[in-house]
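S.K.: Sending over a structure as structure tokens; questions will come in a sec.
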Amino acid sequence: MLHENVAPGVHRIEDAFTNWYLVEEDSRVTVVDAGVPSSWDSLQDALSRIGRRPDDVEAVVLTHAHFDHVGFAERARSELNVPVYVHENDVPVTKHPWRYDHERHRAYYFATQPRALPIVATFLRRRAFWPAPIQEVTRYENGTLPVPGSPRVVFTPGHTLGHCALHLPDRDVLIAGDAIVTLDPYTAREGPRLVARAATVDSERNLASLEALAETGASTVLMGHGEPWTGGVESLVAEARAAGAA
């Protein structure tokens, strides 16, 4: 589902309880994260609805490389001939997006969190667990990326070792990825929090990384899961710290 202009020139697409974004600059487009494999069809639809063509896409930037965020990245790389940017520390995960380190066994959540089963069922139906490995990536670490929108990298390790948020200062918006969410897909709990330990490599480090988000001072924060937050990043971070990770 396309939500146009959740921030100036930033469009949110939600597929299978997962958000990804289009960032426009003039007629050029950056894709931030790549949803699930079937999100490829959503990309074509979203580009058409905002008056853009696939040729206008110049890059895919990943906040991290978990299975539900790399869905069509390899297809975009191979068919649109665009680079896929990922943090240096997450490059190994792009080869096997389902196999990653985490603090608690996933079976615990399947057994104890029945509210989340519809989300898991949707992941299965949309083939979220089976994205194609990314054959070639462009590595980044910090600074401002040379892609439309000129996002500034905010290093926020914890959910993954290479997790990054992307700050668009001129639009007063922060794309937080899964450093912080307003829907935890492993528990179906809503409101600011960390993603459950079943999908987080180091929740203590994730909590510490929230300070880097707060330092951006962004008014609008866009998450990898859940609704946008328009009350300022400082209040979002405060609530997430209190909630922690399940």
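Residues are named by chain letter and number: chains run A, B, ... in the order of the structure tokens, numbers start at 1 in each chain, and ligands are numbered from 1 in the order shown.
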Excluding Gly149 (chain A) and residues on its chain fewer than 4 positions from it, collect all residues at most 9 Å away from it, counting only C-alpha atoms, and give them as a PyMOL selection string.

M.R.: chain A and resi 9+23-25+28-30+145+168

S.K.: Keeping all heavy atoms, export the residues of the selection given above as a compact mmCIF listing (two decimals), in the first residue's frame.

M.R.:
```txt
# COMPACT_ATOMS: atom_id res chain seq x y z
N GLY A 9 8.55 14.65 -0.42
CA GLY A 9 9.22 13.84 -1.42
C GLY A 9 9.62 12.46 -0.96
O GLY A 9 10.45 11.80 -1.60
N VAL A 23 12.51 7.86 -2.11
CA VAL A 23 12.96 9.23 -1.86
C VAL A 23 13.20 9.90 -3.21
O VAL A 23 14.04 9.45 -3.99
CB VAL A 23 14.25 9.26 -1.01
CG1 VAL A 23 14.71 10.70 -0.80
CG2 VAL A 23 14.01 8.57 0.34
N GLU A 24 12.45 10.97 -3.49
CA GLU A 24 12.58 11.68 -4.76
C GLU A 24 13.49 12.89 -4.63
O GLU A 24 13.47 13.60 -3.62
CB GLU A 24 11.21 12.17 -5.23
CG GLU A 24 10.26 11.09 -5.68
CD GLU A 24 9.03 11.71 -6.32
OE1 GLU A 24 8.08 12.03 -5.57
OE2 GLU A 24 9.02 11.87 -7.54
N GLU A 25 14.27 13.11 -5.67
CA GLU A 25 15.01 14.36 -5.83
C GLU A 25 14.94 14.73 -7.31
O GLU A 25 15.53 14.05 -8.14
CB GLU A 25 16.46 14.22 -5.38
CG GLU A 25 17.23 15.52 -5.51
CD GLU A 25 18.68 15.38 -5.08
OE1 GLU A 25 19.12 14.26 -4.77
OE2 GLU A 25 19.38 16.41 -5.09
N ARG A 28 14.75 12.01 -10.02
CA ARG A 28 15.54 10.85 -9.62
C ARG A 28 14.98 10.24 -8.34
O ARG A 28 14.39 10.93 -7.52
CB ARG A 28 17.00 11.27 -9.43
CG ARG A 28 17.59 11.94 -10.67
CD ARG A 28 18.71 12.89 -10.30
NE ARG A 28 19.81 12.20 -9.65
CZ ARG A 28 20.45 12.68 -8.58
NH1 ARG A 28 20.09 13.83 -8.05
NH2 ARG A 28 21.46 12.00 -8.06
N VAL A 29 15.20 8.93 -8.17
CA VAL A 29 14.60 8.21 -7.05
C VAL A 29 15.62 7.29 -6.39
O VAL A 29 16.37 6.58 -7.08
CB VAL A 29 13.39 7.37 -7.52
CG1 VAL A 29 12.81 6.55 -6.37
CG2 VAL A 29 12.32 8.25 -8.15
N THR A 30 15.63 7.31 -5.06
CA THR A 30 16.34 6.30 -4.27
C THR A 30 15.30 5.42 -3.59
O THR A 30 14.34 5.92 -3.02
CB THR A 30 17.22 6.95 -3.20
OG1 THR A 30 18.27 7.70 -3.83
CG2 THR A 30 17.85 5.91 -2.28
N LEU A 145 25.52 9.70 1.54
CA LEU A 145 25.57 8.79 0.40
C LEU A 145 25.32 9.54 -0.91
O LEU A 145 24.46 10.44 -0.96
CB LEU A 145 24.53 7.68 0.57
CG LEU A 145 24.74 6.77 1.77
CD1 LEU A 145 23.65 5.70 1.82
CD2 LEU A 145 26.10 6.11 1.72
N LEU A 168 17.55 12.73 6.54
CA LEU A 168 17.38 13.71 5.46
C LEU A 168 17.15 15.06 6.13
O LEU A 168 16.01 15.49 6.36
CB LEU A 168 16.20 13.33 4.58
CG LEU A 168 16.25 11.94 3.94
CD1 LEU A 168 14.92 11.60 3.28
CD2 LEU A 168 17.37 11.86 2.93
```

S.K.: Let's see if you can do this: from backbone DSSP, list all alpha helix (DSSP H) residues in region 33-193 of chain A, as a VMD selection string.

M.R.: chain A and resid 39 to 49 73 to 80 106 to 112 117 to 125

S.K.: Find the residues near Asp55 (chain A): any atom within 10 Å, counting only C-alpha atoms, skip ones fewer than 2 places away on the same chain, and give them as a ChimeraX atom specification.

M.R.: /A:27-29,47,52-53,57-58,80-82

S.K.: Next, write the just-selected residues to a file, as a PDB file, in the first residue's frame, keeping C-alpha atoms as the atom set.

M.R.:
```
ATOM      1  CA  SER A  27      13.098  13.208 -11.346  1.00  0.00           C
ATOM      2  CA  ARG A  28      15.539  10.851  -9.624  1.00  0.00           C
ATOM      3  CA  VAL A  29      14.598   8.211  -7.052  1.00  0.00           C
ATOM      4  CA  LEU A  47       6.533   4.547  -9.376  1.00  0.00           C
ATOM      5  CA  ARG A  52       8.095   8.076 -12.221  1.00  0.00           C
ATOM      6  CA  ARG A  53       9.521   5.247 -14.320  1.00  0.00           C
ATOM      7  CA  VAL A  57      15.553   4.700  -9.889  1.00  0.00           C
ATOM      8  CA  GLU A  58      19.259   5.317  -9.313  1.00  0.00           C
ATOM      9  CA  LEU A  80      17.469  -1.873 -13.337  1.00  0.00           C
ATOM     10  CA  ASN A  81      21.274  -1.917 -13.248  1.00  0.00           C
ATOM     11  CA  VAL A  82      21.444   0.129 -10.041  1.00  0.00           C
TER      12      VAL A  82
END
```

S.K.: Region 44-72 of chain A near region 190-201 of chain A within 12 Å: what's each residue's closest atom pair and its distance in Å to one decimal, counting only C-alpha atoms, ordered by chain then ascending residue number, as a tab-separated table?

M.R.:
```
residue	atom	partner	partner_atom	distance
A:His64	CA	A:Thr200	CA	11.5
A:Ala65	CA	A:Ala199	CA	11.6
A:His66	CA	A:Ala199	CA	8.6
A:Phe67	CA	A:Ala199	CA	10.5
A:Asp68	CA	A:Ala199	CA	11.0
```

S.K.: Between A:Leu161, A:Leu236, A:Ile134, A:Leu22, single out the one closest to Ala7 (chain A), counting only C-alpha atoms.

M.R.: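 Of the candidates, the smallest distance to Ala7 (chain A) is held by A:Leu22.
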
S.K.: Give me, as a PyMOL selection string, the residues of region 62-246 of chain A that a backbone DSSP run labels strand (DSSP E).

M.R.: chain A and resi 84-87+138-140+152-155+164-168+173-177+181-183+190-193+220-223

S.K.: Keeping N, CA, C and O atoms, export the residues of the selection given above as a CSV table (one decimal), in the first residue's frame.

M.R.:
```csv
chain,number,residue,atom,x,y,z
A,84,VAL,N,23.3,-1.5,-5.1
A,84,VAL,CA,22.7,-1.7,-3.8
A,84,VAL,C,23.7,-1.4,-2.7
A,84,VAL,O,24.7,-2.1,-2.6
A,85,TYR,N,23.4,-0.4,-1.9
A,85,TYR,CA,24.2,0.1,-0.9
A,85,TYR,C,23.9,-0.6,0.4
A,85,TYR,O,22.7,-0.8,0.8
A,86,VAL,N,24.9,-1.1,1.2
A,86,VAL,CA,24.7,-1.7,2.5
A,86,VAL,C,25.9,-1.5,3.3
A,86,VAL,O,27.1,-1.4,2.8
A,87,HIS,N,25.7,-1.4,4.6
A,87,HIS,CA,26.8,-1.1,5.5
A,87,HIS,C,27.8,-2.2,5.5
A,87,HIS,O,27.5,-3.4,5.4
A,138,THR,N,27.4,-2.3,-3.0
A,138,THR,CA,28.3,-1.2,-2.7
A,138,THR,C,28.3,-0.9,-1.2
A,138,THR,O,27.3,-0.7,-0.6
A,139,ARG,N,29.5,-1.0,-0.7
A,139,ARG,CA,29.7,-0.9,0.8
A,139,ARG,C,29.7,0.6,1.2
A,139,ARG,O,30.3,1.4,0.6
A,140,TYR,N,29.1,0.8,2.4
A,140,TYR,CA,29.2,2.2,3.0
A,140,TYR,C,29.5,2.1,4.4
A,140,TYR,O,29.2,1.0,5.1
A,152,ARG,N,22.1,11.2,5.0
A,152,ARG,CA,23.3,11.1,5.9
A,152,ARG,C,23.2,9.8,6.7
A,152,ARG,O,22.1,9.5,7.3
A,153,VAL,N,24.2,9.0,6.7
A,153,VAL,CA,24.2,7.8,7.5
A,153,VAL,C,24.3,8.0,9.0
A,153,VAL,O,25.2,8.8,9.4
A,154,VAL,N,23.5,7.4,9.7
A,154,VAL,CA,23.5,7.4,11.2
A,154,VAL,C,23.7,6.0,11.6
A,154,VAL,O,22.8,5.1,11.5
A,155,PHE,N,24.9,5.7,12.1
A,155,PHE,CA,25.2,4.3,12.5
A,155,PHE,C,24.5,3.9,13.8
A,155,PHE,O,24.7,4.6,14.8
A,164,CYS,N,22.0,0.9,10.1
A,164,CYS,CA,22.1,2.3,9.9
A,164,CYS,C,20.7,2.9,9.7
A,164,CYS,O,19.9,2.3,9.0
A,165,ALA,N,20.5,4.1,10.3
A,165,ALA,CA,19.4,4.9,9.9
A,165,ALA,C,19.9,5.9,8.9
A,165,ALA,O,21.1,6.1,8.7
A,166,LEU,N,18.9,6.6,8.2
A,166,LEU,CA,19.2,7.6,7.2
A,166,LEU,C,18.5,8.9,7.5
A,166,LEU,O,17.3,8.9,7.6
A,167,HIS,N,19.3,9.9,7.6
A,167,HIS,CA,18.7,11.2,8.0
A,167,HIS,C,18.7,12.1,6.8
A,167,HIS,O,19.7,12.3,6.0
A,168,LEU,N,17.6,12.7,6.5
A,168,LEU,CA,17.4,13.7,5.5
A,168,LEU,C,17.2,15.1,6.1
A,168,LEU,O,16.0,15.5,6.4
A,173,VAL,N,13.4,14.7,8.4
A,173,VAL,CA,12.9,13.3,8.5
A,173,VAL,C,14.0,12.3,8.7
A,173,VAL,O,15.1,12.5,8.1
A,174,LEU,N,13.8,11.3,9.5
A,174,LEU,CA,14.7,10.3,9.8
A,174,LEU,C,14.1,8.9,9.4
A,174,LEU,O,13.0,8.6,9.8
A,175,ILE,N,14.8,8.2,8.5
A,175,ILE,CA,14.3,6.8,8.2
A,175,ILE,C,15.1,5.9,9.1
A,175,ILE,O,16.3,5.7,9.0
A,176,ALA,N,14.4,5.3,10.1
A,176,ALA,CA,15.1,4.6,11.2
A,176,ALA,C,15.3,3.2,11.0
A,176,ALA,O,16.0,2.5,11.8
A,177,GLY,N,14.8,2.6,9.9
A,177,GLY,CA,14.9,1.2,9.7
A,177,GLY,C,14.3,0.4,10.8
A,177,GLY,O,13.2,0.7,11.3
A,181,VAL,N,11.0,0.7,16.3
A,181,VAL,CA,9.8,0.4,15.5
A,181,VAL,C,8.6,0.8,16.3
A,181,VAL,O,8.6,1.0,17.5
A,182,THR,N,7.4,1.0,15.6
A,182,THR,CA,6.2,1.2,16.3
A,182,THR,C,5.3,0.0,16.1
A,182,THR,O,4.1,0.0,16.6
A,183,LEU,N,5.8,-1.1,15.5
A,183,LEU,CA,5.1,-2.4,15.5
A,183,LEU,C,6.2,-3.5,15.5
A,183,LEU,O,7.1,-3.5,14.7
A,190,GLU,N,2.3,-2.8,19.7
A,190,GLU,CA,2.4,-1.5,19.0
A,190,GLU,C,3.0,-0.5,19.9
A,190,GLU,O,3.0,-0.7,21.1
A,191,GLY,N,3.5,0.6,19.3
A,191,GLY,CA,4.1,1.7,20.1
A,191,GLY,C,5.6,1.6,20.0
A,191,GLY,O,6.1,0.5,19.7
A,192,PRO,N,6.3,2.7,20.3
A,192,PRO,CA,7.7,2.7,20.2
A,192,PRO,C,8.4,1.6,21.0
A,192,PRO,O,8.2,1.5,22.2
A,193,ARG,N,9.4,0.9,20.4
A,193,ARG,CA,10.1,-0.2,21.1
A,193,ARG,C,11.2,-0.7,20.2
A,193,ARG,O,11.3,-0.3,19.0
A,220,THR,N,10.0,14.1,12.1
A,220,THR,CA,9.3,12.9,11.6
A,220,THR,C,10.2,11.7,11.5
A,220,THR,O,11.4,11.8,11.0
A,221,VAL,N,9.8,10.6,12.0
A,221,VAL,CA,10.6,9.3,12.0
A,221,VAL,C,9.8,8.3,11.3
A,221,VAL,O,8.6,8.0,11.7
A,222,LEU,N,10.4,7.6,10.4
A,222,LEU,CA,9.8,6.5,9.6
A,222,LEU,C,10.5,5.2,9.9
A,222,LEU,O,11.7,5.1,9.9
A,223,MET,N,9.7,4.2,10.3
A,223,MET,CA,10.2,2.9,10.7
A,223,MET,C,10.1,1.8,9.7
A,223,MET,O,9.3,1.9,8.7
```

S.K.: With distances taken over only C-alpha atoms, which of A:Glu88, A:Glu4, A:Asp56, A:Asp15 is nearest to Ser39 (chain A)?

M.R.: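 Using only C-alpha atoms, Ser39 (chain A) sits closest to A:Asp15.
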
S.K.: Given only C-alpha atoms as the basis, pick out the residue of A:Asn5, A:Ser219, A:Ser38, A:Asn206 nearest to Arg126 (chain A).

M.R.: A:Ser38

S.K.: Find, counting only C-alpha atoms, the residue in A:Phe123, A:Trp229, A:Phe129, A:Phe72 that gets nearest to Thr18 (chain A).

M.R.: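 Distance minimum relative to Thr18 (chain A) lands on A:Phe123.
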
S.K.: Which is closest to Arg115 (chain A) among A:Ala188, A:Ala246, A:Ala59, A:Ala46, if we use only C-alpha atoms?

M.R.: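 Using only C-alpha atoms, the shortest distance to Arg115 (chain A) belongs to A:Ala188.
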
S.K.: List the spatial neighbours of Ala73 (chain A) as a PyMOL selection string - criterion: any atom at most 9 Å away, only C-alpha atoms, same-chain residues fewer than 4 positions off excluded.

M.R.: chain A and resi 33-35+37+40+60-62+69+77-78+84+131-134

S.K.: So how far away is CA of Arg205 (chain A) from CA of Ile13 (chain A), in Å?

M.R.: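 The value is 28.4 Å.
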
S.K.: State, in Å with one decimal place, the distance from CA of Asp90 (chain A) to CA of Thr160 (chain A).

M.R.: 7.2 Å

S.K.: Which residue is closest to Asp172 (chain A)? Choose from A:Thr230, A:Thr187, A:Thr122, A:Ser209 and count only C-alpha atoms.

M.R.: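 For Asp172 (chain A), the nearest of the candidates is A:Thr230.
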
S.K.: Rounded to one decimal in Å, what is the spacing between CA of Ala242 (chain A) and CA of His163 (chain A)?

M.R.: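 Atom-to-atom, CA of Ala242 (chain A) and CA of His163 (chain A) are spaced 21.1 Å apart.
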